[in-house]
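Asker: Handing over input.cif, mmCIF, C-alpha atoms.
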```cif
data_target
loop_
_atom_site.label_atom_id
_atom_site.label_comp_id
_atom_site.auth_asym_id
_atom_site.auth_seq_id
_atom_site.Cartn_x
_atom_site.Cartn_y
_atom_site.Cartn_z
CA MET A 1 158.69 100.42 31.74
CA THR A 2 160.68 101.05 28.58
CA MET A 3 163.10 103.91 28.05
CA SER A 4 160.73 105.55 25.56
CA GLN A 5 157.85 105.34 28.08
CA GLU A 6 160.03 106.90 30.79
CA SER A 7 161.02 109.74 28.43
CA PHE A 8 157.40 110.27 27.43
CA GLU A 9 156.15 110.47 31.02
CA SER A 10 158.98 112.75 32.15
CA ASN A 11 157.96 115.32 29.53
CA LEU A 12 154.35 115.51 30.64
CA PRO A 13 153.09 118.65 32.41
CA THR A 14 152.23 118.29 36.08
CA TYR A 15 148.77 118.45 37.58
CA ASP A 16 149.56 121.79 39.26
CA GLN A 17 150.75 123.30 35.97
CA LEU A 18 147.63 122.20 34.15
CA LEU A 19 145.38 123.38 36.97
CA GLU A 20 146.95 126.84 37.02
CA GLU A 21 146.60 127.33 33.27
CA LEU A 22 143.01 126.09 33.26
CA LYS A 23 142.18 128.62 35.97
CA ASN A 24 143.83 131.34 33.88
CA ILE A 25 141.84 130.62 30.72
CA ARG A 26 138.47 130.28 32.43
CA ARG A 27 137.69 134.00 32.24
CA PRO A 28 139.10 134.96 28.80
CA GLY A 29 137.97 131.67 27.29
CA LEU A 30 139.20 129.71 24.29
CA PRO A 31 139.65 132.70 21.96
CA ASP A 32 142.51 133.80 24.25
CA LEU A 33 144.58 130.70 23.41
CA ARG A 34 146.07 132.31 20.32
CA SER A 35 147.18 135.52 22.05
CA ILE A 36 148.84 134.04 25.16
CA ASP A 37 150.98 130.90 25.21
CA ARG A 38 149.92 128.22 27.68
CA PRO A 39 153.00 125.98 27.78
CA ALA A 40 151.58 123.21 29.97
CA LEU A 41 148.40 122.84 27.93
CA ARG A 42 150.38 123.13 24.70
CA ALA A 43 152.75 120.38 25.86
CA ALA A 44 149.76 118.24 26.84
CA ALA A 45 148.10 118.72 23.45
CA VAL A 46 151.33 117.77 21.65
CA ALA A 47 151.98 114.76 23.89
CA GLY A 48 148.38 113.60 23.42
CA GLY A 49 148.62 113.79 19.65
CA PHE A 50 146.14 116.64 19.24
CA CYS A 51 148.60 119.02 17.49
CA ASP A 52 152.20 119.35 16.26
CA GLY A 53 153.40 122.47 18.02
CA SER A 54 152.87 126.15 18.63
CA ASP A 55 151.18 127.06 15.34
CA ASP A 56 148.24 124.70 15.77
CA ALA A 57 148.39 124.63 19.57
CA PRO A 58 145.10 126.58 20.15
CA ALA A 59 143.10 124.07 18.11
CA GLY A 60 144.98 121.20 19.73
CA ILE A 61 144.30 122.47 23.25
CA GLU A 62 140.61 122.91 22.46
CA ALA A 63 140.42 119.35 21.08
CA LEU A 64 142.22 118.05 24.17
CA LEU A 65 139.77 119.79 26.51
CA LYS A 66 136.79 118.48 24.57
CA GLU A 67 138.20 114.99 24.91
CA ALA A 68 138.73 115.55 28.65
CA VAL A 69 135.07 116.57 28.97
CA ARG A 70 134.06 113.35 27.23
CA ARG A 71 136.17 111.46 29.75
CA LEU A 72 134.37 113.19 32.63
CA GLY A 73 131.04 112.24 31.04
CA GLU A 74 129.03 114.46 28.75
CA ARG A 75 125.90 113.59 30.75
CA ASP A 76 127.62 113.79 34.12
CA LEU A 77 127.42 116.95 36.22
CA LEU A 78 131.17 117.49 36.09
CA GLY A 79 131.38 117.01 32.33
CA ARG A 80 128.44 119.28 31.54
CA ALA A 81 129.62 122.00 33.93
CA ALA A 82 133.14 121.87 32.50
CA ALA A 83 131.80 122.20 28.95
CA HIS A 84 129.83 125.31 29.93
CA THR A 85 132.66 126.77 32.01
CA PHE A 86 135.13 126.75 29.12
CA GLY A 87 132.70 127.33 26.25
CA LEU A 88 133.23 123.88 24.72
CA LEU A 89 129.65 123.51 23.50
CA PRO A 90 128.41 124.48 20.03
CA ASP A 91 127.70 128.22 19.74
CA ARG A 92 129.14 128.87 23.22
CA ARG A 93 132.83 129.24 22.40
CA GLY A 94 132.81 133.04 22.53
CA ALA A 95 130.25 133.48 25.31
CA PRO A 96 131.23 136.01 28.03
CA ALA A 97 132.69 134.57 31.22
CA HIS A 98 129.70 135.52 33.37
CA ASP A 99 127.29 133.80 30.94
CA ARG A 100 129.40 130.65 30.93
CA ARG A 101 129.48 130.61 34.74
CA LYS A 102 125.72 131.14 34.91
CA THR A 103 124.94 128.17 32.65
CA ALA A 104 127.49 126.01 34.48
CA ALA A 105 125.87 126.91 37.81
CA ALA A 106 122.47 125.92 36.39
CA VAL A 107 123.79 122.39 35.85
CA TYR A 108 124.10 122.06 39.64
CA GLY A 109 120.97 124.11 40.35
CA VAL A 110 122.87 126.74 42.35
CA THR A 111 123.56 130.46 42.02
CA PRO A 112 126.60 131.61 40.02
CA GLU A 113 128.22 132.90 43.22
CA ARG A 114 127.78 129.62 45.04
CA PHE A 115 129.07 127.77 42.00
CA ARG A 116 132.16 130.04 41.92
CA LYS A 117 132.98 129.28 45.54
CA HIS A 118 132.11 125.59 45.74
CA GLN A 119 131.55 123.62 42.51
CA GLU A 120 133.73 125.53 40.04
CA PRO A 121 137.07 124.67 41.73
CA GLN A 122 136.18 120.99 41.64
CA VAL A 123 135.12 121.17 37.99
CA ILE A 124 138.49 122.67 37.01
CA GLN A 125 140.38 120.18 39.18
CA GLN A 126 138.60 117.23 37.61
CA LEU A 127 139.19 118.59 34.11
CA ALA A 128 142.93 118.71 34.88
CA GLU A 129 142.73 115.12 36.16
CA ALA A 130 140.95 114.04 32.97
CA VAL A 131 143.71 115.63 30.86
CA LEU A 132 146.31 113.69 32.84
CA THR A 133 144.30 110.49 32.39
CA ILE A 134 144.52 110.93 28.62
CA LEU A 135 148.26 111.60 28.77
CA ARG A 136 149.01 108.62 30.99
CA GLU A 137 147.84 106.25 28.29
CA PRO A 138 150.57 104.70 26.11
CA PRO A 139 152.02 107.26 23.66
CA PRO A 140 150.26 107.20 20.30
CA SER A 141 152.18 105.82 17.34
CA THR A 142 153.97 108.36 15.19
CA GLY A 143 154.27 106.12 12.14
CA GLY A 144 157.90 107.17 11.87
CA GLN A 145 157.35 110.81 10.88
CA GLY A 146 155.06 113.74 11.53
CA SER A 147 152.59 114.16 14.31
CA PRO A 148 151.40 111.24 16.38
CA GLU A 149 148.41 109.42 14.97
CA ARG A 150 145.59 108.86 17.41
CA GLY A 151 143.38 105.91 16.76
CA PRO A 152 139.86 105.48 18.12
CA GLY A 153 141.44 106.11 21.58
CA PRO A 154 139.89 108.83 23.67
CA GLY A 155 137.01 109.68 21.42
CA ALA A 156 135.87 106.10 21.52
CA GLY A 157 135.67 106.11 25.31
CA ALA A 158 138.33 103.48 25.88
CA GLN A 159 137.57 101.27 28.85
CA LEU A 160 139.65 99.75 31.54
CA PRO A 161 139.54 95.97 31.67
CA GLY A 162 136.19 94.93 33.10
CA GLY A 163 135.32 98.39 34.36
CA PRO A 164 134.34 101.98 33.58
CA THR A 165 136.28 104.49 31.55
CA ALA A 166 139.55 105.73 32.99
CA ALA A 167 138.09 109.20 33.46
CA GLY A 168 135.14 107.78 35.34
CA GLN A 169 137.54 105.94 37.64
CA SER A 170 139.56 109.12 38.20
CA ALA A 171 136.46 111.17 38.95
CA LEU A 172 135.24 108.59 41.47
CA ALA A 173 138.65 108.34 43.09
CA ARG A 174 139.24 112.06 43.52
CA GLY A 175 135.84 113.74 43.31
CA GLY A 176 133.25 114.39 45.94
CA ARG A 177 134.45 117.22 48.16
CA THR A 178 131.76 119.62 46.92
CA GLY A 179 128.90 119.66 44.48
CA ARG A 180 126.95 116.60 43.42
CA THR A 181 129.70 114.05 42.88
CA ILE A 182 129.52 111.52 45.70
CA ARG A 183 132.72 110.08 47.07
CA THR A 184 132.55 106.29 47.05
CA GLY A 185 136.10 105.57 48.19
CA GLN A 186 139.16 105.01 46.04
CA GLU A 187 137.57 102.43 43.72
CA PRO A 188 134.91 102.47 40.97
CA PRO A 189 131.31 101.44 41.71
CA LEU A 190 131.03 97.86 42.88
CA ARG A 191 128.28 95.26 42.53
CA VAL A 192 128.12 92.25 44.84
CA ASP A 193 125.59 89.57 43.89
CA SER A 194 123.85 87.12 46.19
CA VAL A 195 124.32 88.74 49.59
CA PRO A 196 122.17 86.59 51.90
CA VAL A 197 119.02 87.94 53.50
CA ASP A 198 118.38 84.58 55.14
CA ALA A 199 118.89 80.93 54.27
CA GLN A 200 116.50 81.15 51.29
CA SER A 201 116.79 84.69 49.91
CA THR A 202 119.51 87.06 48.70
CA PHE A 203 119.87 90.64 47.49
CA THR A 204 122.36 92.42 45.25
CA LEU A 205 124.55 95.01 46.94
CA HIS A 206 125.80 98.08 45.05
CA VAL A 207 128.50 100.51 46.17
CA SER A 208 127.53 103.40 43.95
CA PRO A 209 125.63 106.69 43.72
CA ILE A 210 122.01 105.60 43.37
CA GLU A 211 121.45 107.74 40.26
CA LEU A 212 124.10 105.75 38.35
CA LEU A 213 122.27 102.44 38.72
CA ARG A 214 120.79 101.00 35.55
CA ASP A 215 117.96 98.60 34.67
CA ILE A 216 116.47 98.45 38.17
CA GLU A 217 112.79 99.14 37.73
CA VAL A 218 111.93 100.71 41.10
CA LEU A 219 114.29 103.00 43.00
CA VAL A 220 113.35 103.97 46.56
CA SER A 221 114.13 107.46 47.84
CA SER A 222 114.29 108.50 51.49
CA GLU A 223 112.13 111.59 52.18
CA ASN A 224 110.84 113.61 55.10
CA VAL A 225 107.20 113.42 56.18
CA TYR A 226 106.42 116.66 54.31
CA LEU A 227 107.60 115.06 51.04
CA GLU A 228 109.90 118.02 50.47
CA MET A 229 112.82 116.64 48.49
CA SER A 230 116.40 117.70 49.13
CA LYS A 231 117.89 120.49 47.05
CA THR A 232 119.55 119.19 43.91
CA PHE A 233 123.02 120.16 45.16
CA ARG A 234 122.68 118.27 48.47
CA PRO A 235 124.71 115.03 48.77
CA THR A 236 121.63 112.96 49.63
CA VAL A 237 119.71 110.18 47.91
CA SER A 238 116.72 112.48 47.58
CA GLY A 239 118.76 115.31 46.04
CA ALA A 240 120.62 112.96 43.69
CA LEU A 241 117.44 111.36 42.35
CA ARG A 242 115.70 114.72 42.02
CA LEU A 243 118.55 116.08 39.94
CA ALA A 244 118.98 112.96 37.80
CA ALA A 245 115.26 112.73 37.05
CA ALA A 246 114.86 116.40 36.07
CA VAL A 247 114.32 117.23 32.40
CA ARG A 248 116.82 119.72 30.98
CA ASP A 249 117.08 121.92 27.92
CA PRO A 250 120.11 121.82 25.57
CA ALA A 251 121.90 124.39 27.76
CA GLY A 252 121.58 122.11 30.79
CA GLU A 253 118.97 124.17 32.63
CA ILE A 254 116.15 122.33 34.40
CA VAL A 255 112.84 122.83 32.60
CA ASP A 256 110.83 120.22 34.53
CA ASP A 257 111.58 119.29 38.14
CA VAL A 258 109.67 116.04 37.62
CA LEU A 259 109.84 114.36 41.03
CA ALA A 260 109.18 117.49 43.10
CA ARG A 261 106.32 118.47 40.77
CA GLU A 262 104.61 115.08 41.03
CA LEU A 263 105.02 114.93 44.82
CA ALA A 264 103.45 118.39 45.13
CA ALA A 265 100.54 117.20 42.96
CA TRP A 266 100.09 114.14 45.21
CA LEU A 267 100.00 116.33 48.31
CA ARG A 268 97.37 118.61 46.74
CA ALA A 269 95.27 115.65 45.63
CA HIS A 270 95.33 114.18 49.15
CA GLY A 271 94.75 117.50 50.92
CA ARG A 272 98.16 117.59 52.62
CA PRO A 273 100.06 120.65 51.28
CA GLY A 274 102.18 121.93 54.16
CA LEU A 275 101.07 119.10 56.45
CA PRO A 276 103.02 115.96 57.40
CA ILE A 277 102.04 112.47 56.36
CA ARG A 278 102.39 109.35 58.48
CA PRO A 279 105.98 108.08 58.80
CA GLY A 280 106.38 105.01 56.65
CA THR A 281 104.05 106.25 53.93
CA VAL A 282 105.28 105.63 50.37
CA VAL A 283 104.32 107.79 47.38
CA PRO A 284 105.09 106.79 43.77
CA THR A 285 106.21 109.08 40.95
CA SER A 286 107.39 108.59 37.41
CA PRO A 287 111.17 108.27 36.84
CA GLY A 288 111.51 111.41 34.72
CA ALA A 289 114.82 111.45 32.86
CA LEU A 290 115.91 108.29 34.73
CA ALA A 291 113.70 106.32 32.34
CA ALA A 292 116.69 106.40 30.00
CA ARG A 293 118.55 104.21 32.54
CA GLY A 294 115.79 101.61 32.63
CA VAL A 295 114.06 102.98 35.76
CA ARG A 296 110.27 102.82 35.68
CA ARG A 297 109.17 104.15 39.06
CA ILE A 298 110.53 106.14 42.00
CA TYR A 299 109.00 105.28 45.38
CA HIS A 300 109.35 108.07 47.94
CA ALA A 301 109.47 106.64 51.47
CA ALA A 302 108.62 109.25 54.10
CA VAL A 303 110.70 108.16 57.11
CA ALA A 304 112.30 111.37 58.50
CA THR A 305 110.47 113.74 60.85
CA PRO A 306 111.99 117.26 61.08
CA LEU A 307 112.97 118.35 64.59
CA ASP A 308 114.34 121.92 64.72
CA ASP A 309 117.56 121.70 62.68
CA THR A 310 117.75 117.89 62.57
CA TYR A 311 115.61 114.84 61.80
CA GLU A 312 114.24 111.90 63.73
CA VAL A 313 113.96 108.48 62.09
CA ARG A 314 112.37 105.66 64.03
CA PRO A 315 113.47 102.19 62.93
CA GLU A 316 109.88 100.95 62.84
CA SER A 317 109.18 103.61 60.17
CA ILE A 318 111.72 101.86 57.97
CA ALA A 319 109.91 98.54 58.38
CA ARG A 320 106.58 100.18 57.53
CA ALA A 321 108.11 101.88 54.48
CA VAL A 322 109.60 98.63 53.18
CA SER A 323 106.26 96.87 53.57
CA ALA A 324 104.49 99.76 51.82
CA CYS A 325 107.02 99.69 48.96
CA PHE A 326 106.38 96.01 48.29
CA ALA A 327 102.60 96.45 48.62
CA LEU A 328 102.67 99.30 46.11
CA ALA A 329 104.98 97.36 43.78
CA ARG A 330 102.61 94.37 43.84
CA THR A 331 99.73 96.67 42.94
CA GLU A 332 101.65 98.25 40.05
CA ARG A 333 103.53 95.15 38.89
CA ASP A 334 101.19 94.03 36.12
CA ARG A 335 100.59 97.52 34.77
CA TYR A 336 103.91 97.24 32.96
CA GLU A 337 105.12 94.99 30.17
CA PRO A 338 107.22 93.19 31.15
CA ALA A 339 105.95 93.23 34.72
CA LEU A 340 107.88 94.98 37.46
CA SER A 341 110.35 92.59 39.07
CA SER A 342 113.21 94.56 40.72
CA ILE A 343 113.40 97.13 43.51
CA CYS A 344 116.36 98.95 45.09
CA PHE A 345 116.58 100.40 48.60
CA PRO A 346 119.11 102.87 50.01
CA LEU A 347 119.92 102.84 53.71
CA LEU A 348 116.73 104.64 54.69
CA GLY A 349 117.27 107.31 57.33
CA ALA A 350 121.04 106.80 57.50
CA GLY A 351 121.98 110.10 55.82
CA ARG A 352 120.69 113.37 57.22
CA GLY A 353 118.18 111.28 59.16
CA GLY A 354 121.04 110.47 61.53
CA LEU A 355 120.28 106.77 61.92
CA ALA A 356 123.37 104.57 62.20
CA PRO A 357 123.94 102.65 58.94
CA ALA A 358 124.08 99.34 60.81
CA VAL A 359 120.69 100.03 62.41
CA SER A 360 119.11 101.01 59.09
CA ALA A 361 120.60 97.93 57.37
CA THR A 362 119.39 95.60 60.12
CA TRP A 363 115.80 96.84 59.91
CA LEU A 364 115.88 96.86 56.11
CA ARG A 365 117.10 93.29 56.01
CA TRP A 366 114.52 92.15 58.53
CA ALA A 367 111.68 93.82 56.61
CA ILE A 368 112.92 92.60 53.21
CA ARG A 369 113.20 89.04 54.53
CA ASP A 370 109.61 89.24 55.73
CA GLU A 371 108.38 90.46 52.33
CA LEU A 372 110.35 87.90 50.33
CA ALA A 373 108.91 85.13 52.49
CA ARG A 374 105.51 86.34 51.29
CA ASP A 375 106.46 86.81 47.63
CA ALA A 376 109.87 85.57 46.45
CA ARG A 377 109.51 86.78 42.84
CA TRP A 378 111.18 90.13 43.50
CA ARG A 379 114.84 90.84 42.75
CA VAL A 380 115.98 93.09 45.61
CA HIS A 381 118.93 95.50 45.50
CA LEU A 382 120.57 97.58 48.22
CA VAL A 383 122.75 100.60 47.41
CA VAL A 384 125.32 102.19 49.75
CA ARG A 385 127.90 104.94 49.24
CA SER A 386 131.10 103.42 50.59
CA ARG A 387 132.86 100.10 50.78
CA GLU A 388 133.17 100.42 54.54
CA ILE A 389 129.40 100.52 54.86
CA ALA A 390 129.08 97.73 52.31
CA GLU A 391 131.39 95.52 54.37
CA ALA A 392 129.38 96.26 57.48
CA VAL A 393 126.13 95.45 55.68
CA GLY A 394 127.57 92.24 54.26
CA ALA A 395 128.75 91.15 57.70
CA LEU A 396 125.37 91.60 59.38
#
```
Can the structure from this file be put into structure tokens for me?

Answerer:
Amino acid sequence: MTMSQESFESNLPTYDQLLEELKNIRRPGLPDLRSIDRPALRAAAVAGGFCDGSDDAPAGIEALLKEAVRRLGERDLLGRAAAHTFGLLPDRRGAPAHDRRKTAAAVYGVTPERFRKHQEPQVIQQLAEAVLTILREPPPSTGGQGSPERGPGPGAGAQLPGGPTAAGQSALARGGRTGRTIRTGQEPPLRVDSVPVDAQSTFTLHVSPIELLRDIEVLVSSENVYLEMSKTFRPTVSGALRLAAAVRDPAGEIVDDVLARELAAWLRAHGRPGLPIRPGTVVPTSPGALAARGVRRIYHAAVATPLDDTYEVRPESIARAVSACFALARTERDRYEPALSSICFPLLGAGRGGLAPAVSATWLRWAIRDELARDARWRVHLVVRSREIAEAVGAL
């Protein structure tokens, strides 16, 4: 590290300083930046090349926060909620604090009060982390005089070598205590090709939230036998897919709960509203908004039977569900152009279903091997949430 780099980093505000000032501007909003000095945010805006000093600090801080939101992901829950929370969207800059909190809560599908207690602290924390991510990049060139000149840098979504954006890496490393961000360990999502099913067949293993997968045509969701999907704020496969597939208006509010709506229609059509279906049954729906990620179908595998305040998942229900998924996929394959060719399974029943991940993985692998022996044209994927589980699955 050079002397200039050391000097640059020593002048940066700390995470705690940024967090405190972000908390303090949440209620008054951006218009308050001119009336009250925020030294940590001002220093960050200057260091990041967004302004020269105190006179243009409000505009510089606002530009810095908008860039931090882009780093979190303008389509990600954290990024959208942060934009609403601080009024960083067009025509929302001067919105009252309670309106901003209400629209931010709608991003997660929760009440404003629940958002205040649970998701909002994480949103502000991750925004502070994103600001630090921007500042930890090499100092922008000053050209000898005047304010630093920022190149394509943050606005262009600069990427780490061979991986996601720095903000995405930070969010994955530190997020996940509350809300919809799922903790996947201290590393970005991972893809491992050619994990053996048997001597002839393989699958692709992903360590990632299932809703972040791309260009896999069929995603399988784990459901209960009443086909009642998890709430959108639950850290489950069902809740994640429900939220990601929902259609939203420009303010981020859900206007079409696609998956839940289509499952309810299926239950009505088959005369089962309020009644359970057979464990292992699989029901297809459209992908909703996930079509933008190359998903064509969602298969809902009913494997969990409610028992008081818990669930029961029998391993043989997993085998039946896998067989039903492939049977349905074969039926639907040629309805699409190009034909369906890939399918992704989570560890069915290993979340709230209470089944041990190793048990779920063993039955999944056995059932997948059986299906691939019958029809080897399918590209099979398995998605898990942590590297520890991935290592266990790979070792089986």

Asker: Select, from A:Ala43, A:Leu213, A:Leu227, A:Ile254, the residue with the minimum atom-to-atom distance to Ala104 of chain A, counting only C-alpha atoms.

Answerer: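 That would be A:Ile254, the residue with the smallest distance to Ala104 of chain A.
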
Asker: With distances taken over only C-alpha atoms, which of A:Leu290, A:Ala339, A:Ala327, A:Ala246 is nearest to Ile210 of chain A?

Answerer: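 Looking only at the distances to Ile210 of chain A, the closest residue turns out to be A:Leu290.
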
Asker: Evaluate the PyMOL selection byres ((chain A and resi 198) around 10) here and jot the selected residues down as a short mmCIF file (atom, residue, chain, number, x, y, z; two decimals) with C-alpha atoms, in the coordinates of the input.

Answerer:
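Dumped to selection00.cif:
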```cif
data_model
loop_
_atom_site.label_atom_id
_atom_site.label_comp_id
_atom_site.auth_asym_id
_atom_site.auth_seq_id
_atom_site.Cartn_x
_atom_site.Cartn_y
_atom_site.Cartn_z
CA VAL A 195 124.32 88.74 49.59
CA PRO A 196 122.17 86.59 51.90
CA VAL A 197 119.02 87.94 53.50
CA ALA A 199 118.89 80.93 54.27
CA GLN A 200 116.50 81.15 51.29
CA SER A 201 116.79 84.69 49.91
CA THR A 202 119.51 87.06 48.70
CA PHE A 203 119.87 90.64 47.49
CA ARG A 365 117.10 93.29 56.01
CA TRP A 366 114.52 92.15 58.53
CA ILE A 368 112.92 92.60 53.21
CA ARG A 369 113.20 89.04 54.53
CA ASP A 370 109.61 89.24 55.73
CA LEU A 372 110.35 87.90 50.33
CA ALA A 373 108.91 85.13 52.49
#
```

Asker: Return the single residue from A:Ala260, A:Ala44, A:Leu241, A:Val322 that is closest to Ile61 of chain A, with distances computed using all atoms listed in the file.

Answerer: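 Smallest distance to Ile61 of chain A is found for A:Ala44.
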
Asker: Excluding same-chain residues fewer than 2 positions from Gly353 of chain A, what lies within 6 Å of it counting all atoms listed in the file, as a list in words?

Answerer: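 What passes the distance filter is Ala304, Tyr311, Val313, Gly349, Ala350, Gly351 and Leu355 of chain A.
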
Asker: Determine the nearest neighbour of His118 of chain A from the options A:Glu223, A:Phe233, A:Leu267, A:Arg214, counting all atoms listed in the file.

Answerer: A:Phe233

Asker: Applied to this file, what does the PyMOL selection byres ((chain A and resi 206) around 7) return in terms of residues, put as an MDAnalysis selection string?

Answerer: chainID A and resid 190:192 204:205 207:208 382:384

Asker: What does the structure give for the distance between atom CA of Thr305 of chain A and atom CA of Gln119 of chain A, in Å to one decimal?

Answerer: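 We find that atom CA of Thr305 of chain A and atom CA of Gln119 of chain A lie 29.6 Å from each other.
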
Asker: Closest to Pro315 of chain A among A:Val359, A:Leu132, A:Val295, A:Ala329, using only C-alpha atoms?

Answerer: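 Looking only at the distances to Pro315 of chain A, the closest residue turns out to be A:Val359.
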
Asker: Give me the residues within 9 Å of His98 of chain A as a ChimeraX atom specification, counting all atoms listed in the file and dropping any in the same chain fewer than 5 places off.

Answerer: /A:27,103,112

Asker: Here is a test: counting all atoms listed in the file, which residue of A:Ala128, A:Leu135, A:Ile318, A:Val247 is nearest to Asp16 of chain A?

Answerer: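 With all atoms listed in the file as the atom set, the closest residue is A:Ala128.
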
Asker: One number please: atom CA of Thr285 of chain A to atom CA of Ala265 of chain A, in Å, one decimal.

Answerer: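 Value for the atom CA of Thr285 of chain A-atom CA of Ala265 of chain A distance: 10.1 Å.
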
Asker: May I ask for the distance between atom CA of Glu129 of chain A and atom CA of Arg71 of chain A, given in Å to one decimal place?

Answerer: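 Rounded to one decimal, the two atoms are 9.9 Å apart.
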
Asker: Let me know the residues the PyMOL selection byres ((chain A and resi 237) around 8) catches in the file above, as a PyMOL selection string.

Answerer: chain A and resi 210+221-222+235-236+238-241+346
